[in-house]
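Asker: Provided herewith: final_14.cif, mmCIF, C-alpha atoms.
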```cif
data_final
#
loop_
_atom_site.group_PDB
_atom_site.id
_atom_site.type_symbol
_atom_site.label_atom_id
_atom_site.label_comp_id
_atom_site.auth_asym_id
_atom_site.auth_seq_id
_atom_site.Cartn_x
_atom_site.Cartn_y
_atom_site.Cartn_z
ATOM 1 C CA MET A 18 179.209 -3.829 94.373
ATOM 2 C CA ARG A 19 179.314 -0.418 96.013
ATOM 3 C CA ALA A 20 182.022 0.823 93.587
ATOM 4 C CA LYS A 21 179.959 -0.364 90.625
ATOM 5 C CA ALA A 22 176.876 1.519 91.893
ATOM 6 C CA THR A 23 178.944 4.698 92.367
ATOM 7 C CA THR A 24 180.348 4.398 88.837
ATOM 8 C CA ILE A 25 176.853 3.978 87.374
ATOM 9 C CA CYS A 26 175.583 7.042 89.300
ATOM 10 C CA LEU A 27 178.523 9.172 88.088
ATOM 11 C CA ALA A 28 177.960 8.051 84.497
ATOM 12 C CA ALA A 29 174.272 8.979 84.760
ATOM 13 C CA LEU A 30 175.166 12.437 86.111
ATOM 14 C CA LEU A 31 177.606 13.032 83.271
ATOM 15 C CA LEU A 32 174.875 12.203 80.759
ATOM 16 C CA LEU A 33 172.584 14.805 82.345
ATOM 17 C CA ILE A 34 175.072 17.693 82.212
ATOM 18 C CA PRO A 35 174.564 18.515 78.499
ATOM 19 C CA ALA A 36 170.797 18.707 79.101
ATOM 20 C CA CYS A 37 171.397 21.510 81.598
ATOM 21 C CA SER A 38 173.455 23.696 79.254
ATOM 22 C CA SER A 39 171.989 26.924 77.944
ATOM 23 C CA ASP A 40 171.751 28.021 74.334
ATOM 24 C CA ARG A 41 172.244 31.614 75.440
ATOM 25 C CA VAL A 42 175.410 33.319 74.350
ATOM 26 C CA GLU A 43 174.773 36.310 76.613
ATOM 27 C CA ASP A 44 173.449 36.649 80.129
ATOM 28 C CA SER A 45 170.375 38.654 79.055
ATOM 29 C CA ALA A 46 166.985 36.975 78.785
ATOM 30 C CA GLY A 47 166.067 35.226 75.578
ATOM 31 C CA SER A 48 167.948 33.522 72.808
ATOM 32 C CA VAL A 49 167.594 36.357 70.293
ATOM 33 C CA LEU A 50 168.627 39.973 69.929
ATOM 34 C CA LEU A 51 166.519 42.747 68.453
ATOM 35 C CA SER A 52 168.422 45.359 66.478
ATOM 36 C CA VAL A 53 167.554 48.452 64.463
ATOM 37 C CA THR A 54 169.476 47.587 61.312
ATOM 38 C CA ASN A 55 168.354 50.221 58.826
ATOM 39 C CA PHE A 56 166.538 53.521 58.678
ATOM 40 C CA ASN A 57 166.005 56.278 56.142
ATOM 41 C CA GLY A 58 163.928 59.319 55.515
ATOM 42 C CA LEU A 59 164.695 61.101 58.787
ATOM 43 C CA ALA A 60 164.862 64.868 58.526
ATOM 44 C CA SER A 61 167.874 66.454 60.204
ATOM 45 C CA VAL A 62 166.044 69.795 60.360
ATOM 46 C CA LEU A 63 162.319 70.077 61.038
ATOM 47 C CA SER A 64 160.102 73.131 60.994
ATOM 48 C CA VAL A 65 157.616 72.826 63.863
ATOM 49 C CA ASN A 66 155.258 75.106 61.913
ATOM 50 C CA GLN A 67 155.104 72.564 59.073
ATOM 51 C CA ALA A 68 155.067 69.372 61.171
ATOM 52 C CA ASN A 69 151.249 69.012 61.148
ATOM 53 C CA GLY A 70 151.328 67.557 64.657
ATOM 54 C CA LEU A 71 153.471 64.549 63.752
ATOM 55 C CA PHE A 72 157.162 63.907 63.076
ATOM 56 C CA THR A 73 157.918 60.521 61.492
ATOM 57 C CA ILE A 74 160.776 58.477 60.111
ATOM 58 C CA ALA A 75 160.053 57.234 56.589
ATOM 59 C CA SER A 76 161.342 53.679 57.093
ATOM 60 C CA LEU A 77 162.920 51.722 59.942
ATOM 61 C CA THR A 78 163.961 48.045 59.967
ATOM 62 C CA ILE A 79 164.096 45.866 63.090
ATOM 63 C CA SER A 80 165.998 42.567 62.840
ATOM 64 C CA ASN A 81 165.651 39.462 65.030
ATOM 65 C CA ILE A 82 169.090 37.883 65.341
ATOM 66 C CA PRO A 83 169.752 34.545 67.064
ATOM 67 C CA LYS A 84 172.353 34.922 69.826
ATOM 68 C CA ASN A 85 173.902 31.599 68.917
ATOM 69 C CA ALA A 86 173.976 31.169 65.145
ATOM 70 C CA SER A 87 175.237 27.591 65.422
ATOM 71 C CA ARG A 88 172.023 26.394 67.100
ATOM 72 C CA ASN A 89 168.768 25.554 65.370
ATOM 73 C CA THR A 90 166.067 28.201 65.556
ATOM 74 C CA SER A 91 162.328 27.821 66.047
ATOM 75 C CA ALA A 92 159.147 29.851 65.812
ATOM 76 C CA LEU A 93 159.305 30.205 69.618
ATOM 77 C CA GLN A 94 162.089 32.760 68.989
ATOM 78 C CA ASN A 95 159.825 35.015 66.902
ATOM 79 C CA VAL A 96 159.327 38.347 68.667
ATOM 80 C CA GLU A 97 155.922 39.933 69.120
ATOM 81 C CA MET A 98 156.507 43.675 69.265
ATOM 82 C CA GLU A 99 154.814 45.508 72.143
ATOM 83 C CA THR A 100 155.922 49.138 72.536
ATOM 84 C CA TYR A 101 158.561 51.657 71.681
ATOM 85 C CA GLU A 102 159.684 54.784 73.453
ATOM 86 C CA VAL A 103 161.421 57.940 72.339
ATOM 87 C CA VAL A 104 163.380 59.911 74.948
ATOM 88 C CA TYR A 105 164.462 63.455 74.124
ATOM 89 C CA THR A 106 167.645 65.086 75.414
ATOM 90 C CA ARG A 107 168.788 68.600 74.767
ATOM 91 C CA ILE A 108 172.018 69.305 72.874
ATOM 92 C CA GLY A 109 173.778 72.590 73.599
ATOM 93 C CA SER A 110 172.159 75.205 75.785
ATOM 94 C CA GLY A 111 168.759 74.862 77.353
ATOM 95 C CA THR A 112 167.302 72.348 79.773
ATOM 96 C CA ARG A 113 163.658 71.948 78.768
ATOM 97 C CA THR A 114 162.794 68.811 76.797
ATOM 98 C CA PRO A 115 159.608 67.292 75.392
ATOM 99 C CA THR A 116 157.917 64.531 77.375
ATOM 100 C CA THR A 117 158.848 60.952 76.491
ATOM 101 C CA LEU A 118 156.771 59.371 73.729
ATOM 102 C CA VAL A 119 155.585 55.805 74.429
ATOM 103 C CA ARG A 120 153.483 54.028 71.823
ATOM 104 C CA ASP A 121 152.198 50.544 71.176
ATOM 105 C CA ILE A 122 153.653 48.796 68.162
ATOM 106 C CA PHE A 123 152.233 45.674 66.607
ATOM 107 C CA GLY A 124 153.794 43.022 64.451
ATOM 108 C CA VAL A 125 156.024 39.977 64.617
ATOM 109 C CA VAL A 126 159.724 39.925 63.826
ATOM 110 C CA PRO A 127 160.537 36.351 62.757
ATOM 111 C CA VAL A 128 163.747 34.777 64.013
ATOM 112 C CA ASP A 129 166.483 35.465 61.447
ATOM 113 C CA GLY A 130 164.096 37.944 59.823
ATOM 114 C CA THR A 131 163.069 41.591 59.796
ATOM 115 C CA MET A 132 160.101 43.875 60.242
ATOM 116 C CA VAL A 133 159.919 47.191 58.386
ATOM 117 C CA ARG A 134 157.908 50.075 59.824
ATOM 118 C CA ASN A 135 157.008 52.944 57.504
ATOM 119 C CA ASN A 136 156.135 56.435 58.722
ATOM 120 C CA LEU A 137 156.857 55.560 62.351
ATOM 121 C CA PRO A 138 155.993 58.543 64.605
ATOM 122 C CA LEU A 139 158.956 59.873 66.596
ATOM 123 C CA MET A 140 156.953 62.835 67.931
ATOM 124 C CA GLY A 141 153.289 63.564 68.297
ATOM 125 C CA PRO A 142 151.150 66.531 69.330
ATOM 126 C CA THR A 143 152.118 66.136 73.010
ATOM 127 C CA GLN A 144 155.758 66.808 72.118
ATOM 128 C CA LEU A 145 155.285 69.358 69.319
ATOM 129 C CA ASP A 146 152.494 71.449 70.876
ATOM 130 C CA ASN A 147 154.148 71.895 74.291
ATOM 131 C CA ALA A 148 157.286 73.631 75.542
ATOM 132 C CA PRO A 149 159.975 73.840 74.491
ATOM 133 C CA LEU A 150 159.025 73.132 70.847
ATOM 134 C CA SER A 151 155.794 75.141 71.027
ATOM 135 C CA ASP A 152 157.959 78.249 71.626
ATOM 136 C CA LEU A 153 159.113 77.908 68.001
ATOM 137 C CA LEU A 154 155.565 78.163 66.641
ATOM 138 C CA LEU A 155 155.118 81.481 64.815
ATOM 139 C CA GLU A 156 152.054 82.331 66.905
ATOM 140 C CA ASN A 157 154.263 82.011 70.013
ATOM 141 C CA GLY A 158 157.071 84.199 68.698
ATOM 142 C CA GLY A 159 159.210 81.663 66.818
ATOM 143 C CA PHE A 160 162.064 81.470 69.339
ATOM 144 C CA ASP A 161 163.035 79.369 72.355
ATOM 145 C CA ARG A 162 162.137 81.436 75.405
ATOM 146 C CA GLU A 163 164.761 79.696 77.513
ATOM 147 C CA THR A 164 167.751 80.389 75.227
ATOM 148 C CA ASN A 165 166.424 83.210 72.989
ATOM 149 C CA THR A 166 167.424 81.217 69.878
ATOM 150 C CA GLN A 167 165.449 80.127 66.835
ATOM 151 C CA ALA A 168 166.623 76.516 66.979
ATOM 152 C CA ILE A 169 166.376 73.680 69.471
ATOM 153 C CA THR A 170 168.669 70.703 68.899
ATOM 154 C CA LEU A 171 167.493 67.406 70.376
ATOM 155 C CA ASN A 172 168.777 63.854 70.481
ATOM 156 C CA LEU A 173 165.888 61.442 69.954
ATOM 157 C CA THR A 174 166.711 58.054 71.499
ATOM 158 C CA VAL A 175 164.448 55.206 70.369
ATOM 159 C CA THR A 176 164.121 51.780 72.032
ATOM 160 C CA PHE A 177 161.798 48.980 70.881
ATOM 161 C CA PHE A 178 160.409 46.350 73.274
ATOM 162 C CA GLY A 179 158.949 42.932 72.574
ATOM 163 C CA ARG A 180 158.578 39.385 73.818
ATOM 164 C CA THR A 181 159.531 36.102 72.197
ATOM 165 C CA ILE A 182 156.731 33.599 71.644
ATOM 166 C CA SER A 183 158.386 31.555 74.402
ATOM 167 C CA GLY A 184 157.948 34.507 76.793
ATOM 168 C CA ASP A 185 161.388 36.150 77.050
ATOM 169 C CA SER A 186 161.441 39.970 77.125
ATOM 170 C CA VAL A 187 163.744 41.535 74.540
ATOM 171 C CA ALA A 188 164.605 45.088 73.527
ATOM 172 C CA THR A 189 166.754 46.823 70.968
ATOM 173 C CA ALA A 190 169.784 48.759 72.019
ATOM 174 C CA PRO A 191 168.814 52.449 72.098
ATOM 175 C CA VAL A 192 169.311 54.210 68.758
ATOM 176 C CA SER A 193 169.808 57.988 68.698
ATOM 177 C CA PHE A 194 169.090 60.596 66.042
ATOM 178 C CA THR A 195 169.931 64.306 66.249
ATOM 179 C CA VAL A 196 167.401 66.778 64.869
ATOM 180 C CA ASP A 197 167.384 70.592 64.731
ATOM 181 C CA PHE A 198 163.919 72.049 65.331
ATOM 182 C CA VAL A 199 163.298 75.490 63.830
ATOM 183 C CA PRO A 200 160.252 77.786 63.385
#
```
Go ahead and express the file in the form of structure tokens.

Answerer:
Amino acid sequence: MRAKATTICLAALLLLIPACSSDRVEDSAGSVLLSVTNFNGLASVLSVNQANGLFTIASLTISNIPKNASRNTSALQNVEMETYEVVYTRIGSGTRTPTTLVRDIFGVVPVDGTMVRNNLPLMGPTQLDNAPLSDLLLENGGFDRETNTQAITLNLTVTFFGRTISGDSVATAPVSFTVDFVP
């Protein structure tokens, strides 16, 4: 009788094991990945004197990709976008950089779908009207006071953050663009 009870308990445990498995392919939170899959209309050279206080990218596409394509998807994997940030790093000589841009972003990226953002700001007045880029304004001399050059080359690294409807935080891998800023 005891052996039969043990066998029944083991069989019950084996039936429960599949219910404990995860549908996550990776160790990160969530069952989806956000990815910047397309962009266009980004200037490689920008005149700070003609920027009108804003530097944008014409079009950028964010995709919501299931981590495990063999599993069924649901609306709980849709991602509500929350914020994005742009971090600036200097290329070449010079150490001064603009302050990081953090902005709210609204919209939903459906699972297995995309969201397109047009004219997404990558810089605003806080970045363009302060050092080092403000040095390039004609009224300020039109040259970088730190390096005595008329160009500042920056890498702009953009990361988007959101949350699935089920509550998992997700983010894109950082995407970088290089831009030369001139008077």

Asker: Would you pick out the contacts of Asn95 (chain A) at 8 Å or less, using only C-alpha atoms, so that residues sharing its chain but fewer than 4 positions from it are not included, and give the list as number ranges by chain?

Answerer: A: 81, 91, 125-128, 181-182

Asker: What is the CA of Leu137 (chain A)-CA of Ser76 (chain A) distance in Å, reported with one decimal?

Answerer: 7.2 Å

Asker: Pick from A:Val192, A:Leu155, A:Ala168, A:Ala92: nearest to Leu77 (chain A), with only C-alpha atoms counted?

Answerer: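 Result for the nearest residue to Leu77 (chain A): A:Val192.
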
Asker: Quick one: apply the PyMOL selection byres ((chain A and resi 48-54) around 9) to the file and drop the selected residues here as a PyMOL selection string.

Answerer: chain A and resi 40-43+45-47+55-56+77-85+94-96+126+128-129+131+176-179+181+185+187-192

Asker: Could you check how far CA of Val62 (chain A) sits from CA of Val199 (chain A), in Å to one decimal?

Answerer: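 Those two atoms sit 7.2 Å apart.
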